[in-house]
Amino acid sequence: MSKQLYTLEYPVRCSPSILYEFLYTPAGLQEWFADRVDERDNIYYFGWNGTFEPADLVEKEVDKFIRFHWQSSPKNEYFEFMIDKSEITNQTILVIKDFAEKKEIKDQSSLWHHQVKELFHRLGN
């Protein structure tokens, strides 16, 4: 079964540059996304419960987006954090793109909601 891309959006009360630090730097990611994060040669090592999952940094644009690819996933799959601005309200929007089996999207979305809630706590939102 092939996985499909899904997108989640969250309004954030902070500047794109502050948010970007939490999405790109190992120290920032470690605050909300994983128990431990190390980076060497554009490979990020995300650790949970003593186990590390390597992800390649595929592409980035400062204060705009960052895309990772889990090394254990098919080449066409990735997860991405994009920082957008609402044209109407000028509010910062965090857009998360990820892949999951159709029947697992709801559970994966719940996991992201939990992680983003932790991010908002760290940001003071």
# chains A, B, ... in the order shown; residues from 1 in each chain; ligands from 1
>>> residues_around(residues="range 48-52 of chain A", least_positions_apart="2", cutoff="7 Å", atoms="only C-alpha atoms", output="list in words")
Ala34, Asp35, Arg36, Tyr45, Phe46 and Pro54 of chain A
>>> write_last_selection(atoms="C-alpha atoms", output="PDB file, in the first residue's frame")
ATOM      1  CA  ALA A  34      12.294  14.491  19.779  1.00  0.00           C
ATOM      2  CA  ASP A  35      14.008  13.567  23.028  1.00  0.00           C
ATOM      3  CA  ARG A  36      17.396  14.206  21.449  1.00  0.00           C
ATOM      4  CA  TYR A  45      19.523  12.001  14.109  1.00  0.00           C
ATOM      5  CA  PHE A  46      16.199  12.115  15.943  1.00  0.00           C
ATOM      6  CA  PRO A  54      18.360   9.337  10.760  1.00  0.00           C
TER       7      PRO A  54
END
>>> residues_around(residues="Gly28 in chain A", least_positions_apart="3", cutoff="10 Å", atoms="only C-alpha atoms", output="list in words")
Ile18, Leu19, Tyr20, Glu21, Phe22, Leu23, Tyr24, Thr25, Glu31, Trp32, Phe33, Ala34, Val37, Leu119 and Arg122 of chain A
>>> select_by_dssp(residues="chain A", states="strand (DSSP E)", output="number ranges by chain")
A: 4-12, 36-40, 43-48, 51-61, 65-70, 79-85, 92-100
>>> write_last_selection(atoms="C-alpha atoms", output="short mmCIF file (atom, residue, chain, number, x, y, z; two decimals), in the first residue's frame")
data_model
loop_
_atom_site.label_atom_id
_atom_site.label_comp_id
_atom_site.auth_asym_id
_atom_site.auth_seq_id
_atom_site.Cartn_x
_atom_site.Cartn_y
_atom_site.Cartn_z
CA GLN A 4 -0.23 9.59 0.67
CA LEU A 5 0.72 13.16 1.41
CA TYR A 6 -1.35 15.07 3.95
CA THR A 7 -1.08 18.64 5.22
CA LEU A 8 -1.75 20.22 8.61
CA GLU A 9 -1.87 23.96 9.34
CA TYR A 10 -1.46 25.77 12.65
CA PRO A 11 -1.63 29.53 13.30
CA VAL A 12 1.35 30.57 15.45
CA ARG A 36 17.40 14.21 21.45
CA VAL A 37 18.51 15.65 18.10
CA ASP A 38 22.01 15.63 16.65
CA GLU A 39 23.13 16.84 13.23
CA ARG A 40 26.22 15.91 11.21
CA ILE A 43 21.92 14.27 8.49
CA TYR A 44 19.71 14.77 11.53
CA TYR A 45 19.52 12.00 14.11
CA PHE A 46 16.20 12.11 15.94
CA GLY A 47 16.17 10.15 19.19
CA TRP A 48 13.25 8.74 21.14
CA THR A 51 16.69 4.82 19.60
CA PHE A 52 17.80 7.16 16.81
CA GLU A 53 16.20 7.61 13.38
CA PRO A 54 18.36 9.34 10.76
CA ALA A 55 16.79 11.84 8.39
CA ASP A 56 18.48 13.69 5.55
CA LEU A 57 18.05 17.44 5.30
CA VAL A 58 16.74 17.58 1.72
CA GLU A 59 16.10 21.26 1.24
CA LYS A 60 15.71 24.46 3.23
CA GLU A 61 15.08 28.15 2.84
CA PHE A 65 10.72 25.92 5.05
CA ILE A 66 12.73 22.82 5.81
CA ARG A 67 12.27 19.36 4.32
CA PHE A 68 13.56 16.11 5.78
CA HIS A 69 13.61 12.57 4.41
CA TRP A 70 13.69 9.61 6.78
CA PHE A 79 8.19 15.52 6.05
CA GLU A 80 8.27 19.26 5.78
CA PHE A 81 7.77 22.32 7.93
CA MET A 82 6.74 25.43 6.01
CA ILE A 83 6.27 28.89 7.48
CA ASP A 84 3.55 30.84 5.73
CA LYS A 85 1.90 34.20 6.32
CA THR A 92 2.33 33.28 10.89
CA ILE A 93 1.12 29.82 9.88
CA LEU A 94 3.03 26.57 10.43
CA VAL A 95 2.29 24.10 7.63
CA ILE A 96 3.34 20.49 8.17
CA LYS A 97 3.41 18.01 5.30
CA ASP A 98 3.93 14.30 5.92
CA PHE A 99 3.15 10.90 4.42
CA ALA A 100 1.06 8.10 5.93
#
